[in-house]
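Chemist: This is the structure, below, for whatever I ask next.
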Amino acid sequence: MSLEDFYFRDTCRMCLSRDLERILELTPTPPGNDFVTKAELNITQACYPLELYFCKNCHHVQLGHVVKPEILYQKDYSYVSSTSSHFLSHLRDYAKYIVDRFQLNKSDLVIDIGSNDGACLKFFKELGMTVQGVDPAANIADIAIAAGIPTIADFFSHSVAKNLLFEKGPAKIITSHNACAHIDNLDSVIKGVKTLLDDDGVFILEVGYFYDVFTNIWFDTIYHEHVDFHTVEPFIALFKRHGMEVISVERVSPQGGSIRVFVQKSPATIKHDDTVNELIKLEHDAGLNDVSQLLNYQKRIDQVRDDLRVLIDNIKQDNKLIAGFGAPTKATTLMAHFGIDGNDISFIVDDNPLKQNLFTPGTHIPVLSSEYIYKKKPDYLLILAWNFAEPIMKTHKKYLEEIGQFILPMPKPEIINSLN
Ligand SMILES: [Zn+2]
């Protein structure tokens, strides 16, 4: 690890205050997606701090240590969005909902920041809108362009926005799905949005909701790619600094744990509704504006770790074999903080072929295809992709009936030996 790999940010990303307090310290990890090949196994991977800081001024929660994007994103094992039919139907419904709610006219301009393969814009285009994507991944932008979705292969910034305004005119809708939590320089993005947005246009950003991460102990969504852990209240201060205002917020169910924030330039042309104040009240009731309550988060996480350790250690005393199911980025955080390594788990299976035959970041556990469950017959399968536990257990009912039992690590460690 060299000092140039990351830096410590001592100002709040939302309000620029320096009044930050550390509320959570997780075990340092390598970049959560930095799987290695067999040839790279003898190279020690650098681990970076994973600590959350709370801004006492605007109540925003954020990572203190920011790892450089060149280090975080050098390896990418993600599928493009169009591969999940469930996700596609979510996007189709979303496009229709936005066109109806804001009464868009044919050929109004809709821009998507972090547009991926153009999956979302495709549905806006089908509804008659003019569309434009912006995505930094050149290979994925090419897929979008080939599918008829104009896409700029670049990070969205103020200068990209100025060029787009010159070429296409102001946008009625600018959307962003789960891109904003990855961006260290949020100010440049918001400045660009304000430049490009029409006076009666709406900026809609979808981000993970820290309220859900906090109340459900979903701490393993904390990894270096996510620099911000958003709640509604800090957005008010952020947008106010830029002459914009939040007019409405909603919680989004399909992926679980997200909010959709609707923003306009000041003065807003659409009336504010009660949702903003309702969610801020929910956040305050949960203690998200209170350092002492936030400091409790560490104890709640460490209790899950201690319970899971007892469960795993008991199984190991009986000389039983444990394997893992799923190698998502979040598993790197979970395994590091819970102290789970190759002494506990012999191998991990994952259905993503791009990860198979590689080794997990830091812990170097082999990742294999799910057939290996039936070849090696482990006594227990620890579900690391626990947010997909239901479909995983249903798909591998045969394992449960004929071979072994599942272990659910979160939110409370438990052994599952039958499906209801
Ligand atoms: Zn702040």
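Chain lettering (A, B, ...) mirrors the order of the structure tokens, residue numbering begins at 1 for each chain separately, and ligand numbering begins at 1 in order of display.
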How would you write, as number ranges by chain, the set of residues no farther than 7 Å from ligand 1 when counting only C-alpha atoms and all ligand atoms?
Modeler: A: 12-17, 55-60, 234
Chemist: Next, dump the selected residues to file, keeping only C-alpha atoms, as a PDB file, in the first residue's frame.
Modeler:
ATOM      1  CA  CYS A  12     -18.016  16.636   4.636  1.00  0.00           C
ATOM      2  CA  ARG A  13     -18.919  15.808   1.037  1.00  0.00           C
ATOM      3  CA  MET A  14     -22.377  17.324   1.428  1.00  0.00           C
ATOM      4  CA  CYS A  15     -21.818  20.573   3.375  1.00  0.00           C
ATOM      5  CA  LEU A  16     -17.975  20.971   3.453  1.00  0.00           C
ATOM      6  CA  SER A  17     -17.932  21.212   7.287  1.00  0.00           C
ATOM      7  CA  CYS A  55     -20.906  15.194  10.015  1.00  0.00           C
ATOM      8  CA  LYS A  56     -22.238  16.968  13.076  1.00  0.00           C
ATOM      9  CA  ASN A  57     -23.299  19.918  10.914  1.00  0.00           C
ATOM     10  CA  CYS A  58     -25.570  18.264   8.294  1.00  0.00           C
ATOM     11  CA  HIS A  59     -25.762  14.654   9.685  1.00  0.00           C
ATOM     12  CA  HIS A  60     -24.218  12.998   6.624  1.00  0.00           C
ATOM     13  CA  PRO A 234     -28.086  16.139   4.297  1.00  0.00           C
TER      14      PRO A 234
END
Chemist: For stretch 70-72 of chain A, find every residue with an atom within 9 Å (counting only C-alpha atoms), except residues of its own chain fewer than 3 positions away, and show them as a compact mmCIF listing (two decimals) with all heavy atoms, in the first residue's frame.
Modeler:
# COMPACT_ATOMS: atom_id res chain seq x y z
N ASP A 5 -2.18 5.75 -2.90
CA ASP A 5 -3.34 4.93 -3.26
C ASP A 5 -4.66 5.49 -2.74
O ASP A 5 -5.72 5.18 -3.24
CB ASP A 5 -3.20 3.51 -2.68
CG ASP A 5 -2.08 2.74 -3.36
OD1 ASP A 5 -1.55 3.25 -4.36
OD2 ASP A 5 -1.77 1.64 -2.89
N PHE A 6 -4.59 6.27 -1.66
CA PHE A 6 -5.82 6.80 -1.08
C PHE A 6 -5.50 8.10 -0.36
O PHE A 6 -4.33 8.45 -0.16
CB PHE A 6 -6.44 5.79 -0.11
CG PHE A 6 -5.69 5.61 1.17
CD1 PHE A 6 -6.05 6.30 2.32
CD2 PHE A 6 -4.61 4.73 1.25
CE1 PHE A 6 -5.36 6.13 3.51
CE2 PHE A 6 -3.91 4.55 2.44
CZ PHE A 6 -4.29 5.26 3.57
N PRO A 31 -9.50 -3.67 -1.97
CA PRO A 31 -10.73 -3.34 -2.72
C PRO A 31 -11.60 -4.59 -2.81
O PRO A 31 -11.11 -5.67 -3.15
CB PRO A 31 -10.19 -2.91 -4.08
CG PRO A 31 -8.83 -2.37 -3.79
CD PRO A 31 -8.30 -3.25 -2.69
N GLY A 32 -12.89 -4.45 -2.49
CA GLY A 32 -13.76 -5.61 -2.33
C GLY A 32 -13.96 -6.45 -3.57
O GLY A 32 -14.43 -7.59 -3.49
N ASN A 33 -13.60 -5.91 -4.72
CA ASN A 33 -13.79 -6.64 -5.98
C ASN A 33 -12.46 -7.09 -6.58
O ASN A 33 -12.39 -7.49 -7.74
CB ASN A 33 -14.52 -5.73 -6.98
CG ASN A 33 -15.68 -6.45 -7.63
OD1 ASN A 33 -15.83 -7.67 -7.47
ND2 ASN A 33 -16.47 -5.72 -8.38
N ASP A 34 -11.39 -7.01 -5.77
CA ASP A 34 -10.06 -7.29 -6.30
C ASP A 34 -9.72 -8.78 -6.18
O ASP A 34 -8.83 -9.18 -5.42
CB ASP A 34 -9.03 -6.42 -5.57
CG ASP A 34 -7.80 -6.15 -6.41
OD1 ASP A 34 -7.69 -6.77 -7.50
OD2 ASP A 34 -6.96 -5.35 -5.99
N VAL A 67 -10.21 5.67 -1.55
CA VAL A 67 -9.25 4.96 -2.38
C VAL A 67 -9.41 5.45 -3.82
O VAL A 67 -10.53 5.67 -4.29
CB VAL A 67 -9.47 3.43 -2.30
CG1 VAL A 67 -8.44 2.69 -3.17
CG2 VAL A 67 -9.37 2.96 -0.85
N LYS A 75 -10.44 -3.76 -11.92
CA LYS A 75 -11.02 -5.04 -12.32
C LYS A 75 -12.53 -4.92 -12.18
O LYS A 75 -13.02 -4.40 -11.19
CB LYS A 75 -10.52 -6.17 -11.40
CG LYS A 75 -9.03 -6.39 -11.53
CD LYS A 75 -8.56 -7.47 -10.59
CE LYS A 75 -7.07 -7.71 -10.74
NZ LYS A 75 -6.56 -8.68 -9.75
N HIS A 224 -15.18 0.20 -0.11
CA HIS A 224 -14.51 1.42 -0.60
C HIS A 224 -15.19 2.07 -1.81
O HIS A 224 -15.03 3.26 -2.03
CB HIS A 224 -13.04 1.12 -0.89
CG HIS A 224 -12.29 0.68 0.31
ND1 HIS A 224 -11.92 -0.63 0.52
CD2 HIS A 224 -11.89 1.37 1.40
CE1 HIS A 224 -11.31 -0.73 1.69
NE2 HIS A 224 -11.26 0.47 2.24
N GLU A 225 -15.94 1.28 -2.58
CA GLU A 225 -16.60 1.87 -3.75
C GLU A 225 -17.72 2.83 -3.34
O GLU A 225 -18.10 3.70 -4.11
CB GLU A 225 -17.18 0.76 -4.64
CG GLU A 225 -16.10 -0.03 -5.35
CD GLU A 225 -16.67 -1.20 -6.15
OE1 GLU A 225 -17.81 -1.10 -6.61
OE2 GLU A 225 -15.95 -2.19 -6.30
Chemist: At most 12 Å is the cut-off: for each residue in stretch 320-396 of chain A with any atom that close to an atom of stretch 299-309 of chain A, write down the nearest atom pair and the distance in Å rounded to one decimal, counting only C-alpha atoms, chain first then increasing number, as a Markdown table.
Modeler:
| residue | atom | partner | partner_atom | distance |
| --- | --- | --- | --- | --- |
| A:Thr333 | CA | A:Ile301 | CA | 11.9 |
| A:Leu334 | CA | A:Arg305 | CA | 9.0 |
| A:Met335 | CA | A:Arg305 | CA | 9.7 |
| A:Ala336 | CA | A:Arg305 | CA | 10.5 |
| A:His337 | CA | A:Arg305 | CA | 7.6 |
| A:Phe338 | CA | A:Arg305 | CA | 5.1 |
| A:Gly339 | CA | A:Arg309 | CA | 8.2 |
| A:Ile340 | CA | A:Arg309 | CA | 8.3 |
| A:Asp341 | CA | A:Arg309 | CA | 11.6 |
| A:Asp344 | CA | A:Arg309 | CA | 9.8 |
| A:Leu382 | CA | A:Leu308 | CA | 10.4 |
Chemist: Write a file of the selected residues as a PDB file, in the first residue's frame, keeping all heavy atoms.
Modeler:
ATOM      1  N   THR A 333     -16.108  -7.361   2.836  1.00  0.00           N
ATOM      2  CA  THR A 333     -16.285  -6.634   4.100  1.00  0.00           C
ATOM      3  C   THR A 333     -16.711  -7.587   5.210  1.00  0.00           C
ATOM      4  O   THR A 333     -16.160  -7.575   6.310  1.00  0.00           O
ATOM      5  CB  THR A 333     -17.376  -5.541   3.938  1.00  0.00           C
ATOM      6  OG1 THR A 333     -16.955  -4.624   2.938  1.00  0.00           O
ATOM      7  CG2 THR A 333     -17.612  -4.800   5.234  1.00  0.00           C
ATOM      8  N   LEU A 334     -17.704  -8.432   4.896  1.00  0.00           N
ATOM      9  CA  LEU A 334     -18.247  -9.334   5.909  1.00  0.00           C
ATOM     10  C   LEU A 334     -17.176 -10.298   6.429  1.00  0.00           C
ATOM     11  O   LEU A 334     -16.970 -10.437   7.635  1.00  0.00           O
ATOM     12  CB  LEU A 334     -19.436 -10.104   5.332  1.00  0.00           C
ATOM     13  CG  LEU A 334     -20.261 -10.933   6.316  1.00  0.00           C
ATOM     14  CD1 LEU A 334     -21.730 -10.991   5.895  1.00  0.00           C
ATOM     15  CD2 LEU A 334     -19.738 -12.358   6.464  1.00  0.00           C
ATOM     16  N   MET A 335     -16.448 -10.934   5.505  1.00  0.00           N
ATOM     17  CA  MET A 335     -15.448 -11.925   5.924  1.00  0.00           C
ATOM     18  C   MET A 335     -14.318 -11.268   6.706  1.00  0.00           C
ATOM     19  O   MET A 335     -13.853 -11.805   7.712  1.00  0.00           O
ATOM     20  CB  MET A 335     -14.911 -12.689   4.716  1.00  0.00           C
ATOM     21  CG  MET A 335     -15.950 -13.653   4.154  1.00  0.00           C
ATOM     22  SD  MET A 335     -15.242 -14.899   3.062  1.00  0.00           S
ATOM     23  CE  MET A 335     -14.810 -13.907   1.659  1.00  0.00           C
ATOM     24  N   ALA A 336     -13.875 -10.087   6.254  1.00  0.00           N
ATOM     25  CA  ALA A 336     -12.777  -9.413   6.953  1.00  0.00           C
ATOM     26  C   ALA A 336     -13.200  -9.047   8.368  1.00  0.00           C
ATOM     27  O   ALA A 336     -12.495  -9.346   9.342  1.00  0.00           O
ATOM     28  CB  ALA A 336     -12.344  -8.160   6.186  1.00  0.00           C
ATOM     29  N   HIS A 337     -14.377  -8.437   8.510  1.00  0.00           N
ATOM     30  CA  HIS A 337     -14.763  -7.962   9.839  1.00  0.00           C
ATOM     31  C   HIS A 337     -15.170  -9.107  10.770  1.00  0.00           C
ATOM     32  O   HIS A 337     -14.997  -9.027  11.982  1.00  0.00           O
ATOM     33  CB  HIS A 337     -15.879  -6.923   9.748  1.00  0.00           C
ATOM     34  CG  HIS A 337     -16.043  -6.167  11.032  1.00  0.00           C
ATOM     35  ND1 HIS A 337     -15.079  -5.296  11.500  1.00  0.00           N
ATOM     36  CD2 HIS A 337     -17.005  -6.195  11.978  1.00  0.00           C
ATOM     37  CE1 HIS A 337     -15.456  -4.818  12.679  1.00  0.00           C
ATOM     38  NE2 HIS A 337     -16.622  -5.347  12.985  1.00  0.00           N
ATOM     39  N   PHE A 338     -15.697 -10.179  10.204  1.00  0.00           N
ATOM     40  CA  PHE A 338     -16.088 -11.321  11.023  1.00  0.00           C
ATOM     41  C   PHE A 338     -14.933 -12.319  11.207  1.00  0.00           C
ATOM     42  O   PHE A 338     -15.101 -13.355  11.837  1.00  0.00           O
ATOM     43  CB  PHE A 338     -17.303 -12.036  10.408  1.00  0.00           C
ATOM     44  CG  PHE A 338     -18.607 -11.270  10.585  1.00  0.00           C
ATOM     45  CD1 PHE A 338     -19.784 -11.751  10.033  1.00  0.00           C
ATOM     46  CD2 PHE A 338     -18.659 -10.096  11.322  1.00  0.00           C
ATOM     47  CE1 PHE A 338     -20.989 -11.071  10.200  1.00  0.00           C
ATOM     48  CE2 PHE A 338     -19.855  -9.400  11.491  1.00  0.00           C
ATOM     49  CZ  PHE A 338     -21.029  -9.897  10.925  1.00  0.00           C
ATOM     50  N   GLY A 339     -13.777 -12.017  10.623  1.00  0.00           N
ATOM     51  CA  GLY A 339     -12.613 -12.886  10.798  1.00  0.00           C
ATOM     52  C   GLY A 339     -12.803 -14.255  10.166  1.00  0.00           C
ATOM     53  O   GLY A 339     -12.325 -15.263  10.682  1.00  0.00           O
ATOM     54  N   ILE A 340     -13.517 -14.309   9.044  1.00  0.00           N
ATOM     55  CA  ILE A 340     -13.739 -15.579   8.354  1.00  0.00           C
ATOM     56  C   ILE A 340     -12.716 -15.702   7.225  1.00  0.00           C
ATOM     57  O   ILE A 340     -12.584 -14.807   6.394  1.00  0.00           O
ATOM     58  CB  ILE A 340     -15.169 -15.636   7.770  1.00  0.00           C
ATOM     59  CG1 ILE A 340     -16.186 -15.620   8.911  1.00  0.00           C
ATOM     60  CG2 ILE A 340     -15.357 -16.873   6.893  1.00  0.00           C
ATOM     61  CD1 ILE A 340     -17.616 -15.436   8.457  1.00  0.00           C
ATOM     62  N   ASP A 341     -11.968 -16.814   7.224  1.00  0.00           N
ATOM     63  CA  ASP A 341     -10.944 -16.981   6.188  1.00  0.00           C
ATOM     64  C   ASP A 341     -10.904 -18.428   5.707  1.00  0.00           C
ATOM     65  O   ASP A 341     -11.824 -19.202   5.970  1.00  0.00           O
ATOM     66  CB  ASP A 341      -9.583 -16.511   6.714  1.00  0.00           C
ATOM     67  CG  ASP A 341      -9.169 -17.276   7.965  1.00  0.00           C
ATOM     68  OD1 ASP A 341      -9.693 -18.398   8.191  1.00  0.00           O
ATOM     69  OD2 ASP A 341      -8.327 -16.763   8.718  1.00  0.00           O
ATOM     70  N   ASP A 344     -11.817 -21.368   7.850  1.00  0.00           N
ATOM     71  CA  ASP A 344     -13.230 -21.620   8.144  1.00  0.00           C
ATOM     72  C   ASP A 344     -13.959 -22.181   6.924  1.00  0.00           C
ATOM     73  O   ASP A 344     -14.787 -23.077   7.042  1.00  0.00           O
ATOM     74  CB  ASP A 344     -13.921 -20.312   8.555  1.00  0.00           C
ATOM     75  CG  ASP A 344     -13.281 -19.674   9.775  1.00  0.00           C
ATOM     76  OD1 ASP A 344     -13.052 -20.414  10.754  1.00  0.00           O
ATOM     77  OD2 ASP A 344     -12.992 -18.471   9.734  1.00  0.00           O
ATOM     78  N   LEU A 382     -22.405 -21.499   3.977  1.00  0.00           N
ATOM     79  CA  LEU A 382     -22.597 -20.171   4.556  1.00  0.00           C
ATOM     80  C   LEU A 382     -22.987 -19.207   3.432  1.00  0.00           C
ATOM     81  O   LEU A 382     -22.211 -18.997   2.493  1.00  0.00           O
ATOM     82  CB  LEU A 382     -21.293 -19.714   5.224  1.00  0.00           C
ATOM     83  CG  LEU A 382     -21.247 -18.287   5.761  1.00  0.00           C
ATOM     84  CD1 LEU A 382     -22.240 -18.089   6.913  1.00  0.00           C
ATOM     85  CD2 LEU A 382     -19.832 -17.937   6.237  1.00  0.00           C
TER      86      LEU A 382
END
Chemist: Report, in Å with one decimal, the straight-line distance from atom CA of A:Ser188 to atom CA of A:Val252.
Modeler: 25.9 Å
Chemist: As a ChimeraX atom specification, please: the residues near A:Gly201 (cut-off 6 Å, only C-alpha atoms, same-chain neighbours under 3 positions excluded).
Modeler: /A:172-173,197-198
Chemist: Using the selection just defined, write its residues with C-alpha atoms as a short mmCIF file (atom, residue, chain, number, x, y, z; two decimals), in the first residue's frame.
Modeler:
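The resulting file, selection09.cif, is reproduced below:
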data_model
loop_
_atom_site.label_atom_id
_atom_site.label_comp_id
_atom_site.auth_asym_id
_atom_site.auth_seq_id
_atom_site.Cartn_x
_atom_site.Cartn_y
_atom_site.Cartn_z
CA LYS A 172 -36.44 18.00 -18.70
CA ILE A 173 -35.26 14.97 -16.71
CA LEU A 197 -31.45 21.08 -16.26
CA ASP A 198 -34.35 23.12 -17.67
#
Chemist: Taking only stretch 171-406 of chain A into account, list the residues labelled alpha helix (DSSP H) by DSSP (computed from the backbone), as a PyMOL selection string.
Modeler: chain A and resi 186-196+210-215+232-241+275-285+291-317+329-338+372-376+389-395+397-402
Chemist: Would you kindly return, as number ranges by chain, each protein, DNA or RNA residue with an atom no farther than 10 Å from any atom of A:Lys96, considering only C-alpha atoms and excluding same-chain residues fewer than 3 positions away?
Modeler: A: 91-93, 99-101, 123-124, 126-127
Chemist: Point out the residue among A:Leu279, A:Leu88, A:Ala385, A:Ile365 with the least atom-to-atom distance to A:Pro328, counting only C-alpha atoms.
Modeler: A:Ala385
Chemist: To one decimal place, how far is atom CA of A:Lys168 from atom CA of A:Val110 in Å?
Modeler: 10.5 Å
Chemist: I want to know what sits within 8 Å of stretch 372-380 of chain A, based on only C-alpha atoms, with residues of the same chain fewer than 5 positions away left out; could you give that as a PyMOL selection string?
Modeler: chain A and resi 320-323+349+399+403-407
Chemist: Would you pick out the contacts of A:His65 at 10 Å or less, using only C-alpha atoms, so that residues sharing its chain but fewer than 5 positions from it are not included, and give the list as a PyMOL selection string?
Modeler: chain A and resi 6-10+48-53+224+227
Chemist: For A:Gln293, which residue among A:Lys394, A:Asn105, A:Pro413, A:Ile23 is the nearest when counting only C-alpha atoms?
Modeler: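 Residue with the minimum atom-to-atom distance to A:Gln293: A:Ile23.
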Chemist: Quick one: residues within 9 Å of A:Leu408, only C-alpha atoms counted, chain neighbours fewer than 2 positions away excluded, as a list of chain:residue names?
Modeler: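 Here the qualifying residues turn out to be A:Leu381, A:Leu382, A:Ile383, A:Leu384, A:Trp386, A:Ala389, A:Phe406, A:Met410, A:Pro411, A:Lys412, A:Pro413, A:Glu414, A:Ile415, A:Ile416.
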Chemist: One decimal, Å: what's the distance from atom CA of A:Thr360 over to atom CA of A:Leu63, could you say?
Modeler: 22.8 Å
Chemist: Name the residues of stretch 236-297 of chain A that fall into strand (DSSP E or B) according to DSSP on the backbone, using the chain letters and numbers of this document, as a list in words.
Modeler: Met244, Glu245, Val246, Ile247, Ser248, Val249, Glu250, Arg251, Val252, Ser258, Ile259, Arg260, Val261, Phe262, Val263, Gln264 and Lys265 of chain A
Chemist: Point out the residue among A:His226, A:Pro30, A:Asp108, A:Ile143 with the least atom-to-atom distance to A:Gly64, counting only C-alpha atoms.
Modeler: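 Counting only C-alpha atoms, the residue closest to A:Gly64 is A:His226.
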Chemist: Select, from A:Leu294, A:Ala286, A:Leu419, A:Val367, the residue with the minimum atom-to-atom distance to A:Thr37, counting only C-alpha atoms.
Modeler: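 Closest candidate: A:Val367.
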